[in-house]
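Engineer: For reference, the file final-v1.cif (mmCIF, C-alpha atoms) is included below:
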```cif
data_final
loop_
_atom_site.group_PDB
_atom_site.id
_atom_site.type_symbol
_atom_site.label_atom_id
_atom_site.label_comp_id
_atom_site.auth_asym_id
_atom_site.auth_seq_id
_atom_site.Cartn_x
_atom_site.Cartn_y
_atom_site.Cartn_z
ATOM 1 C CA MET A 1 81.281 44.291 106.068
ATOM 2 C CA ARG A 2 84.797 45.467 106.857
ATOM 3 C CA PHE A 3 87.695 45.579 104.387
ATOM 4 C CA LEU A 4 90.310 43.082 105.369
ATOM 5 C CA GLY A 5 94.075 43.391 104.823
ATOM 6 C CA GLN A 6 96.305 40.688 103.525
ATOM 7 C CA SER A 7 96.941 39.506 107.065
ATOM 8 C CA GLY A 8 93.250 39.441 107.727
ATOM 9 C CA GLN A 9 92.944 42.547 109.996
ATOM 10 C CA ALA A 10 90.219 45.150 109.543
ATOM 11 C CA PHE A 11 92.077 48.341 108.679
ATOM 12 C CA ASP A 12 89.496 50.987 107.719
ATOM 13 C CA VAL A 13 89.387 52.191 111.344
ATOM 14 C CA PHE A 14 93.163 52.586 111.310
ATOM 15 C CA LYS A 15 92.939 54.459 108.009
ATOM 16 C CA LEU A 16 90.436 56.820 109.619
ATOM 17 C CA LEU A 17 92.728 57.293 112.611
ATOM 18 C CA ILE A 18 95.731 57.995 110.393
ATOM 19 C CA ALA A 19 93.681 60.476 108.331
ATOM 20 C CA ALA A 20 92.567 62.257 111.502
ATOM 21 C CA VAL A 21 96.130 62.509 112.821
ATOM 22 C CA VAL A 22 97.438 63.782 109.477
ATOM 23 C CA ALA A 23 94.567 66.295 109.226
ATOM 24 C CA LEU A 24 95.295 67.572 112.732
ATOM 25 C CA ALA A 25 98.994 67.920 111.941
ATOM 26 C CA ILE A 26 98.237 69.879 108.749
ATOM 27 C CA LEU A 27 95.781 72.098 110.660
ATOM 28 C CA GLY A 28 98.438 72.774 113.314
ATOM 29 C CA ILE A 29 101.004 73.727 110.692
ATOM 30 C CA LEU A 30 98.520 75.983 108.877
ATOM 31 C CA PHE A 31 97.541 77.767 112.091
ATOM 32 C CA GLY A 32 101.212 78.225 112.931
ATOM 33 C CA ILE A 33 101.906 79.778 109.534
ATOM 34 C CA LEU A 34 98.809 81.961 109.757
ATOM 35 C CA ARG A 35 99.704 83.215 113.231
ATOM 36 C CA ASN A 36 103.160 84.284 112.030
ATOM 37 C CA VAL A 37 101.878 85.739 108.807
ATOM 38 C CA MET A 38 99.047 87.708 110.384
ATOM 39 C CA VAL A 39 101.458 89.572 112.670
ATOM 40 C CA GLY A 40 102.433 91.575 109.578
ATOM 41 C CA VAL A 41 98.874 92.728 108.960
ATOM 42 C CA GLN A 42 98.092 93.499 112.564
ATOM 43 C CA THR A 43 95.452 96.202 113.004
ATOM 44 C CA GLU A 44 94.985 95.756 116.732
ATOM 45 C CA PRO A 45 95.942 99.158 118.294
ATOM 46 C CA GLN A 46 97.527 97.775 121.457
ATOM 47 C CA ALA A 47 99.624 95.183 119.575
ATOM 48 C CA LYS A 48 100.710 97.769 117.012
ATOM 49 C CA ALA A 49 101.648 100.200 119.796
ATOM 50 C CA ILE A 50 103.789 97.538 121.480
ATOM 51 C CA GLU A 51 105.513 96.684 118.175
ATOM 52 C CA PHE A 52 106.314 100.343 117.439
ATOM 53 C CA VAL A 53 107.430 101.256 120.966
ATOM 54 C CA LYS A 54 109.805 98.280 120.895
ATOM 55 C CA SER A 55 111.322 99.492 117.631
ATOM 56 C CA SER A 56 111.481 103.122 118.821
ATOM 57 C CA ILE A 57 113.243 102.630 122.141
ATOM 58 C CA ASN A 58 116.645 102.987 120.496
ATOM 59 C CA SER A 59 115.561 105.585 117.952
ATOM 60 C CA ILE A 60 115.642 108.627 120.164
ATOM 61 C CA GLY A 61 113.783 111.634 118.767
ATOM 62 C CA GLU A 62 112.306 109.826 115.763
ATOM 63 C CA LEU A 63 108.615 110.092 115.007
ATOM 64 C CA LYS A 64 107.160 106.811 113.779
ATOM 65 C CA VAL A 65 103.653 106.479 112.425
ATOM 66 C CA THR A 66 101.943 103.108 112.151
ATOM 67 C CA ASP A 67 99.771 101.811 109.341
ATOM 68 C CA THR A 68 96.039 101.968 109.923
ATOM 69 C CA VAL A 69 94.703 100.479 113.148
ATOM 70 C CA THR A 70 91.066 99.871 113.992
ATOM 71 C CA PHE A 71 89.437 100.890 117.248
ATOM 72 C CA SER A 72 86.201 99.098 117.998
ATOM 73 C CA ALA A 73 84.032 99.797 121.037
ATOM 74 C CA GLY A 74 85.872 98.993 124.246
ATOM 75 C CA LYS A 75 89.335 98.775 122.636
ATOM 76 C CA SER A 76 91.997 100.571 124.616
ATOM 77 C CA LEU A 77 95.612 101.599 124.741
ATOM 78 C CA ASN A 78 97.245 100.773 128.049
ATOM 79 C CA ALA A 79 100.608 102.375 128.842
ATOM 80 C CA ARG A 80 101.389 99.867 131.591
ATOM 81 C CA THR A 81 100.870 96.854 129.329
ATOM 82 C CA ILE A 82 102.942 98.436 126.575
ATOM 83 C CA ALA A 83 105.800 99.093 129.010
ATOM 84 C CA ILE A 84 105.708 95.557 130.396
ATOM 85 C CA GLU A 85 105.634 94.010 126.915
ATOM 86 C CA THR A 86 108.710 95.948 125.794
ATOM 87 C CA ARG A 87 110.679 94.414 128.715
ATOM 88 C CA GLN A 88 112.989 97.418 128.578
ATOM 89 C CA LEU A 89 110.881 100.205 129.977
ATOM 90 C CA ALA A 90 109.461 100.800 133.409
ATOM 91 C CA GLU A 91 105.733 101.303 133.768
ATOM 92 C CA ASP A 92 106.117 105.056 134.196
ATOM 93 C CA GLN A 93 108.227 105.428 131.039
ATOM 94 C CA VAL A 94 105.319 105.024 128.619
ATOM 95 C CA CYS A 95 102.462 107.457 128.057
ATOM 96 C CA VAL A 96 99.394 107.203 125.877
ATOM 97 C CA SER A 97 97.268 110.084 124.702
ATOM 98 C CA GLY A 98 94.302 110.878 122.488
ATOM 99 C CA GLY A 99 96.651 112.914 120.241
ATOM 100 C CA ASP A 100 94.585 114.364 117.388
ATOM 101 C CA PHE A 101 91.490 113.003 119.137
ATOM 102 C CA ALA A 102 92.167 114.604 122.516
ATOM 103 C CA ASP A 103 88.899 116.560 122.243
ATOM 104 C CA ASP A 104 86.912 113.651 120.826
ATOM 105 C CA GLU A 105 84.541 112.195 123.418
ATOM 106 C CA SER A 106 84.839 108.748 121.849
ATOM 107 C CA PHE A 107 88.417 108.487 123.092
ATOM 108 C CA LYS A 108 88.360 108.804 126.859
ATOM 109 C CA VAL A 109 91.368 108.934 129.124
ATOM 110 C CA VAL A 110 90.589 106.578 131.989
ATOM 111 C CA GLY A 111 92.797 106.674 135.032
ATOM 112 C CA GLN A 112 96.484 107.024 134.367
ATOM 113 C CA GLY A 113 97.805 105.786 131.080
ATOM 114 C CA ILE A 114 94.673 104.265 129.578
ATOM 115 C CA VAL A 115 92.750 105.552 126.562
ATOM 116 C CA VAL A 116 89.506 103.731 125.833
ATOM 117 C CA TYR A 117 87.453 104.018 122.662
ATOM 118 C CA SER A 118 83.732 104.120 123.331
ATOM 119 C CA GLY A 119 82.345 105.011 119.909
ATOM 120 C CA LYS A 120 79.488 102.994 118.429
ATOM 121 C CA SER A 121 81.093 102.212 115.092
ATOM 122 C CA ASP A 122 84.651 101.101 114.374
ATOM 123 C CA ARG A 123 87.154 103.922 113.841
ATOM 124 C CA THR A 124 90.307 103.609 111.750
ATOM 125 C CA THR A 125 93.208 105.766 112.873
ATOM 126 C CA LYS A 126 96.987 105.602 113.028
ATOM 127 C CA LEU A 127 99.317 105.724 116.016
ATOM 128 C CA ALA A 128 102.289 108.054 116.334
ATOM 129 C CA VAL A 129 105.143 106.895 118.545
ATOM 130 C CA VAL A 130 108.001 109.041 119.822
ATOM 131 C CA CYS A 131 110.676 107.951 122.261
ATOM 132 C CA ASP A 132 113.028 110.569 123.647
ATOM 133 C CA TYR A 133 114.583 111.643 126.905
ATOM 134 C CA GLY A 134 111.813 112.881 129.157
ATOM 135 C CA ASP A 135 113.272 116.353 129.503
ATOM 136 C CA ARG A 136 113.409 116.739 125.711
ATOM 137 C CA ILE A 137 110.264 115.022 124.485
ATOM 138 C CA GLU A 138 108.058 118.112 124.618
ATOM 139 C CA LYS A 139 110.563 120.144 122.610
ATOM 140 C CA THR A 140 110.898 117.328 120.074
ATOM 141 C CA LEU A 141 107.137 117.143 119.619
ATOM 142 C CA THR A 142 106.334 120.828 119.509
ATOM 143 C CA GLU A 143 109.427 122.539 118.109
ATOM 144 C CA ASP A 144 110.837 119.824 115.851
ATOM 145 C CA TYR A 145 107.680 118.194 114.532
ATOM 146 C CA GLY A 146 105.226 121.044 115.100
ATOM 147 C CA LYS A 147 102.730 118.963 117.079
ATOM 148 C CA ASP A 148 100.454 120.361 119.750
ATOM 149 C CA SER A 149 101.743 120.101 123.308
ATOM 150 C CA SER A 150 98.351 118.619 124.273
ATOM 151 C CA TRP A 151 99.608 115.401 122.698
ATOM 152 C CA LEU A 152 101.570 114.824 125.874
ATOM 153 C CA GLY A 153 98.451 115.024 128.021
ATOM 154 C CA GLU A 154 99.372 114.169 131.594
ATOM 155 C CA CYS A 155 102.443 112.238 130.627
ATOM 156 C CA GLY A 156 104.294 111.377 133.822
ATOM 157 C CA CYS A 157 107.677 110.764 132.262
ATOM 158 C CA SER A 158 107.954 114.047 130.382
ATOM 159 C CA GLY A 159 110.388 116.191 132.284
ATOM 160 C CA GLN A 160 112.256 113.215 133.713
ATOM 161 C CA GLU A 161 115.789 112.355 132.659
ATOM 162 C CA ASP A 162 114.998 108.785 131.657
ATOM 163 C CA ARG A 163 113.667 107.645 128.324
ATOM 164 C CA CYS A 164 110.041 108.398 127.744
ATOM 165 C CA CYS A 165 107.867 106.947 124.999
ATOM 166 C CA LEU A 166 104.610 108.500 123.896
ATOM 167 C CA VAL A 167 101.899 106.748 121.888
ATOM 168 C CA ALA A 168 99.351 109.170 120.454
ATOM 169 C CA ILE A 169 96.321 108.449 118.295
ATOM 170 C CA VAL A 170 96.481 110.358 115.022
ATOM 171 C CA ARG A 171 94.149 110.875 112.088
ATOM 172 C CA ASN A 172 94.264 108.368 109.264
ATOM 173 C CA MET B 173 67.733 64.716 92.471
ATOM 174 C CA ALA B 174 70.405 62.586 90.896
ATOM 175 C CA LEU B 175 70.195 64.864 87.857
ATOM 176 C CA LEU B 176 70.911 67.993 89.905
ATOM 177 C CA PHE B 177 73.719 66.811 92.180
ATOM 178 C CA HIS B 178 76.549 64.378 91.848
ATOM 179 C CA VAL B 179 75.964 61.758 94.429
ATOM 180 C CA GLY B 180 78.733 60.022 96.380
ATOM 181 C CA GLN B 181 79.075 56.298 96.860
ATOM 182 C CA ARG B 182 77.137 56.501 100.095
ATOM 183 C CA GLY B 183 74.430 58.598 98.578
ATOM 184 C CA GLN B 184 75.453 62.089 99.829
ATOM 185 C CA ALA B 185 75.512 65.099 97.521
ATOM 186 C CA PHE B 186 79.092 66.397 97.763
ATOM 187 C CA GLU B 187 79.292 69.214 95.140
ATOM 188 C CA ALA B 188 78.406 71.821 97.752
ATOM 189 C CA PHE B 189 81.117 70.535 100.110
ATOM 190 C CA LYS B 190 83.664 70.598 97.307
ATOM 191 C CA LEU B 191 82.736 74.222 96.647
ATOM 192 C CA LEU B 192 83.002 75.067 100.342
ATOM 193 C CA ILE B 193 86.400 73.385 100.662
ATOM 194 C CA GLY B 194 87.568 75.214 97.509
ATOM 195 C CA ALA B 195 86.467 78.564 98.930
ATOM 196 C CA ILE B 196 88.159 77.938 102.279
ATOM 197 C CA LEU B 197 91.398 76.883 100.591
ATOM 198 C CA ALA B 198 91.318 79.925 98.289
ATOM 199 C CA LEU B 199 90.805 82.243 101.270
ATOM 200 C CA LEU B 200 93.609 80.574 103.163
ATOM 201 C CA ILE B 201 95.994 80.932 100.233
ATOM 202 C CA LEU B 202 94.967 84.581 99.763
ATOM 203 C CA MET B 203 95.654 85.329 103.430
ATOM 204 C CA ILE B 204 99.048 83.663 103.248
ATOM 205 C CA ILE B 205 99.990 85.614 100.114
ATOM 206 C CA LEU B 206 98.780 88.925 101.609
ATOM 207 C CA GLY B 207 100.676 88.221 104.805
ATOM 208 C CA ALA B 208 103.833 87.365 102.890
ATOM 209 C CA VAL B 209 103.589 90.604 100.884
ATOM 210 C CA GLN B 210 103.124 92.556 104.103
ATOM 211 C CA GLN B 211 106.120 90.862 105.698
ATOM 212 C CA LEU B 212 108.266 91.573 102.642
ATOM 213 C CA ARG B 213 107.223 95.222 102.871
ATOM 214 C CA GLY B 214 108.282 95.283 106.510
ATOM 215 C CA LEU B 215 111.605 93.718 105.595
ATOM 216 C CA GLU B 216 112.105 96.273 102.830
ATOM 217 C CA ASP B 217 111.430 99.102 105.320
ATOM 218 C CA LYS B 218 113.900 97.660 107.809
ATOM 219 C CA ILE B 219 116.659 97.266 105.218
ATOM 220 C CA SER B 220 116.103 100.855 104.056
ATOM 221 C CA TYR B 221 116.217 102.173 107.607
ATOM 222 C CA ASP B 222 119.460 100.287 108.263
ATOM 223 C CA LYS B 223 120.919 101.744 105.044
ATOM 224 C CA LEU B 224 119.878 105.251 106.122
ATOM 225 C CA VAL B 225 121.555 104.914 109.520
ATOM 226 C CA GLN B 226 124.676 103.091 108.279
ATOM 227 C CA ALA B 227 125.283 105.752 105.610
ATOM 228 C CA ALA B 228 125.028 108.451 108.287
ATOM 229 C CA GLN B 229 127.531 106.629 110.479
ATOM 230 C CA SER B 230 129.819 106.087 107.501
ATOM 231 C CA ALA B 231 129.709 109.790 106.551
ATOM 232 C CA ARG B 232 130.447 110.679 110.176
ATOM 233 C CA LYS B 233 133.568 108.514 110.137
ATOM 234 C CA GLN B 234 134.911 110.243 107.011
ATOM 235 C CA PRO B 235 134.399 113.989 107.487
ATOM 236 C CA ASN B 236 136.090 114.945 104.213
ATOM 237 C CA GLY B 237 133.443 117.297 102.810
ATOM 238 C CA GLN B 238 132.536 114.834 100.052
ATOM 239 C CA VAL B 239 128.902 114.098 99.332
ATOM 240 C CA LEU B 240 127.716 110.572 100.050
ATOM 241 C CA LYS B 241 124.613 109.711 98.058
ATOM 242 C CA VAL B 242 122.410 106.782 98.983
ATOM 243 C CA GLU B 243 119.715 105.923 96.464
ATOM 244 C CA ASP B 244 116.480 103.973 96.730
ATOM 245 C CA ILE B 245 115.780 104.563 100.384
ATOM 246 C CA ILE B 246 112.227 103.838 101.444
ATOM 247 C CA LEU B 247 111.082 106.323 104.051
ATOM 248 C CA LYS B 248 108.032 105.488 106.120
ATOM 249 C CA GLU B 249 105.501 108.035 107.314
ATOM 250 C CA GLY B 250 106.967 109.752 110.379
ATOM 251 C CA GLY B 251 109.821 112.111 111.078
ATOM 252 C CA TYR B 252 113.527 112.503 111.681
ATOM 253 C CA SER B 253 115.194 115.154 113.786
ATOM 254 C CA SER B 254 118.767 116.348 114.043
ATOM 255 C CA ALA B 255 118.726 114.848 117.541
ATOM 256 C CA SER B 256 117.692 111.427 116.217
ATOM 257 C CA PHE B 257 120.538 111.365 113.681
ATOM 258 C CA ALA B 258 122.984 112.886 116.169
ATOM 259 C CA ASP B 259 122.219 110.069 118.590
ATOM 260 C CA LYS B 260 123.084 107.465 115.921
ATOM 261 C CA MET B 261 126.179 109.384 114.764
ATOM 262 C CA ASN B 262 127.541 110.098 118.221
ATOM 263 C CA LEU B 263 127.359 113.856 117.671
ATOM 264 C CA ARG B 264 125.577 116.688 119.408
ATOM 265 C CA PRO B 265 122.184 117.634 117.876
ATOM 266 C CA GLU B 266 123.435 121.094 116.911
ATOM 267 C CA CYS B 267 126.179 119.493 114.798
ATOM 268 C CA VAL B 268 123.642 117.854 112.468
ATOM 269 C CA SER B 269 121.390 119.735 110.085
ATOM 270 C CA LEU B 270 118.533 118.310 108.043
ATOM 271 C CA ASP B 271 116.607 119.506 105.029
ATOM 272 C CA ALA B 272 114.184 117.962 102.566
ATOM 273 C CA PHE B 273 112.789 118.756 99.146
ATOM 274 C CA GLY B 274 109.589 117.465 97.643
ATOM 275 C CA GLN B 275 105.871 117.394 98.264
ATOM 276 C CA ALA B 276 106.015 114.301 100.422
ATOM 277 C CA PHE B 277 108.116 116.146 103.014
ATOM 278 C CA SER B 278 107.494 118.922 105.481
ATOM 279 C CA SER B 279 110.824 120.486 106.301
ATOM 280 C CA ASN B 280 111.561 122.260 109.534
ATOM 281 C CA ALA B 281 115.177 122.826 108.533
ATOM 282 C CA PRO B 282 117.663 122.491 110.057
ATOM 283 C CA VAL B 283 116.159 120.612 113.008
ATOM 284 C CA ALA B 284 113.607 118.178 111.575
ATOM 285 C CA VAL B 285 112.019 116.651 108.529
ATOM 286 C CA THR B 286 108.547 115.112 108.486
ATOM 287 C CA VAL B 287 107.718 112.406 105.961
ATOM 288 C CA ASN B 288 104.026 112.670 105.052
ATOM 289 C CA GLN B 289 103.722 109.389 103.171
ATOM 290 C CA ARG B 290 105.782 106.276 102.484
ATOM 291 C CA MET B 291 108.131 107.021 99.616
ATOM 292 C CA LEU B 292 111.239 106.044 97.702
ATOM 293 C CA THR B 293 113.936 108.700 97.619
ATOM 294 C CA SER B 294 117.653 109.472 97.686
ATOM 295 C CA VAL B 295 119.452 110.802 100.742
ATOM 296 C CA TYR B 296 122.628 112.895 100.634
ATOM 297 C CA TYR B 297 125.147 113.234 103.446
ATOM 298 C CA ARG B 298 128.058 115.628 103.785
ATOM 299 C CA CYS B 299 130.287 115.742 106.849
ATOM 300 C CA SER B 300 133.241 118.011 107.394
ATOM 301 C CA ILE B 301 135.551 118.938 110.226
ATOM 302 C CA ALA B 302 134.212 122.014 111.963
ATOM 303 C CA GLY B 303 136.909 122.270 114.530
ATOM 304 C CA SER B 304 134.847 124.259 116.986
ATOM 305 C CA GLN B 305 134.675 123.305 120.621
ATOM 306 C CA ASP B 306 131.002 122.363 120.407
ATOM 307 C CA CYS B 307 131.191 120.504 117.110
ATOM 308 C CA GLU B 308 134.253 118.581 116.123
ATOM 309 C CA VAL B 309 132.437 117.330 113.046
ATOM 310 C CA GLU B 310 129.446 118.917 111.299
ATOM 311 C CA CYS B 311 127.076 116.924 109.113
ATOM 312 C CA GLU B 312 124.363 117.956 106.685
ATOM 313 C CA ILE B 313 121.698 115.509 105.568
ATOM 314 C CA LYS B 314 119.366 116.263 102.671
ATOM 315 C CA PHE B 315 116.386 114.219 101.587
ATOM 316 C CA GLY B 316 115.205 114.169 97.976
ATOM 317 C CA LYS B 317 117.728 116.619 96.512
ATOM 318 C CA GLY B 318 121.497 116.881 96.636
ATOM 319 C CA PHE B 319 123.847 119.740 97.411
ATOM 320 C CA ASP B 320 124.212 122.477 94.766
#
```
Translate this file's structure into structure tokens.

Structural biologist:
Amino acid sequence: MRFLGQSGQAFDVFKLLIAAVVALAILGILFGILRNVMVGVQTEPQAKAIEFVKSSINSIGELKVTDTVTFSAGKSLNARTIAIETRQLAEDQVCVSGGDFADDESFKVVGQGIVVYSGKSDRTTKLAVVCDYGDRIEKTLTEDYGKDSSWLGECGCSGQEDRCCLVAIVRN
Amino acid sequence: MALLFHVGQRGQAFEAFKLLIGAILALLILMIILGAVQQLRGLEDKISYDKLVQAAQSARKQPNGQVLKVEDIILKEGGYSSASFADKMNLRPECVSLDAFGQAFSSNAPVAVTVNQRMLTSVYYRCSIAGSQDCEVECEIKFGKGFD
């Protein structure tokens, strides 16, 4: 029943094996490309916050606003994780706040430096990121950009001399 | 049944699988194209930002009172303050003034400019020697409209 090669060996099993290996290799390459490509269309709030804090560390006093991010139930922003991921900031140099949603019960501040979304349906928002010296960040936010001082929440690094980065959730 | 479906050598109907494979491939290609467009957009933003900062540094190095115009700058939603430019230009914040013209901006001249939506615009720089103790060089930066 088997096909036989010129030398008399059965080779359809080998053909199957080769096809499987080639298919796996192509799948690996495709996943690799997709992983790289999908970074550009990231809508995960925490990942977007990390990306923007990294790019804001050396842009003192600039206000950067992300594209739309999606909060689903249980999604959170964690200041400690953001700081660790930047590899340039200490844990107490990053703050997160509800920003425009400070009074919204769906965005709860849990412990220090964690904002958790507990709404039933997904919510699309943006994130605003400002890095400045701690003793100047409040002035930058309120006097320069006209934002409410409540954006800072209980930010531990405001008032310090070191760099301080704030991630606030803002309306879409 | 043979009239409704093409049948493979081993007797399986494979039209539906061909359709499924086609759909998956099309989706994959769409995702790759969308991702590539998004990445190009990011690259475009980065190049524009570098142009914005380099022009400011260049104007700072030549404080001759001449206007330096940089066209086709893409500004992302966000904001710039005199302190943010001063930091890049190695000046004190009070030595840099900002202003902006156009509906896409909210100006809090001379200290800050807020960009309300991603846009393409021109930016004008003018630096001159001030000679005061606080500001050796003074720079003005205008978004969207030049100096009169």

Engineer: What's the 9 Å shell around Ser106 (chain A), counting all atoms listed in the file, without same-chain residues fewer than 4 positions away, as a PyMOL selection string?

Structural biologist: chain A and resi 101+116-120

Engineer: Could you give me, as an MDAnalysis selection string, the residues within 8 Å of region 67-71 of chain A, counting only C-alpha atoms and dropping anything in the same chain fewer than 6 positions from it?

Structural biologist: chainID A and resid 42:45 48 117 122:127 172

Engineer: Tell me which of A:Val129, A:Val21, A:Ala83, A:Cys157 sits closest to chain B, counting only C-alpha atoms.

Structural biologist: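 With only C-alpha atoms as the atom set, the closest residue is A:Val129.
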
Engineer: Write out as a VMD selection string the residues lying within 9 Å of Leu270 (chain B), counting only C-alpha atoms and excluding same-chain residues fewer than 6 positions away.

Structural biologist: chain B and resid 252 to 254 279 to 285 311 to 315

Engineer: Could you list, as an MDAnalysis selection string, the residues of chain B having an atom within 7 Å of chain A when counting all atoms listed in the file?

Structural biologist: chainID B and resid 204 207:208 210:211 249:253 255:256 259 280 283:284 286

Engineer: Create the file for the chosen residues now, containing C-alpha atoms and written as a tab-separated table (two decimals), in the frame of the given file.

Structural biologist:
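The resulting file, part23.tsv, is shown below:
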```tsv
chain	number	residue	atom	x	y	z
B	204	ILE	CA	99.05	83.66	103.25
B	207	GLY	CA	100.68	88.22	104.80
B	208	ALA	CA	103.83	87.36	102.89
B	210	GLN	CA	103.12	92.56	104.10
B	211	GLN	CA	106.12	90.86	105.70
B	249	GLU	CA	105.50	108.04	107.31
B	250	GLY	CA	106.97	109.75	110.38
B	251	GLY	CA	109.82	112.11	111.08
B	252	TYR	CA	113.53	112.50	111.68
B	253	SER	CA	115.19	115.15	113.79
B	255	ALA	CA	118.73	114.85	117.54
B	256	SER	CA	117.69	111.43	116.22
B	259	ASP	CA	122.22	110.07	118.59
B	280	ASN	CA	111.56	122.26	109.53
B	283	VAL	CA	116.16	120.61	113.01
B	284	ALA	CA	113.61	118.18	111.58
B	286	THR	CA	108.55	115.11	108.49
```

Engineer: For the atom pair CA of Val309 (chain B) and CA of Lys233 (chain B), what is the interatomic distance in Å to one decimal place?

Structural biologist: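 We find that CA of Val309 (chain B) and CA of Lys233 (chain B) lie 9.4 Å from each other.
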
Engineer: Please compute the CA of Ser158 (chain A)-CA of Tyr133 (chain A) distance, one decimal, in Å.

Structural biologist: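 These atoms are spaced 7.9 Å apart.
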
Engineer: Would you translate the PyMOL selection byres ((chain A and resi 167) around 8) into the concrete set of residues it matches in this file, as a ChimeraX atom specification?

Structural biologist: /A:49,53,94-97,127-130,165-166,168-169

Engineer: Tell me which of A:Glu51, A:Gln46, A:Lys139, A:Glu85 sits closest to Val115 (chain A), counting all atoms listed in the file.

Structural biologist: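 Distance minimum relative to Val115 (chain A) lands on A:Gln46.
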
Engineer: Step by step: start from the point (137.4, 115.9, 108.4) in the file's coordinates, keep every protein, DNA or RNA residue that has an atom no farther than 12 Å from it, count only C-alpha atoms, and write the set as a ChimeraX atom specification.

Structural biologist: /B:231-238,298-303,307-311
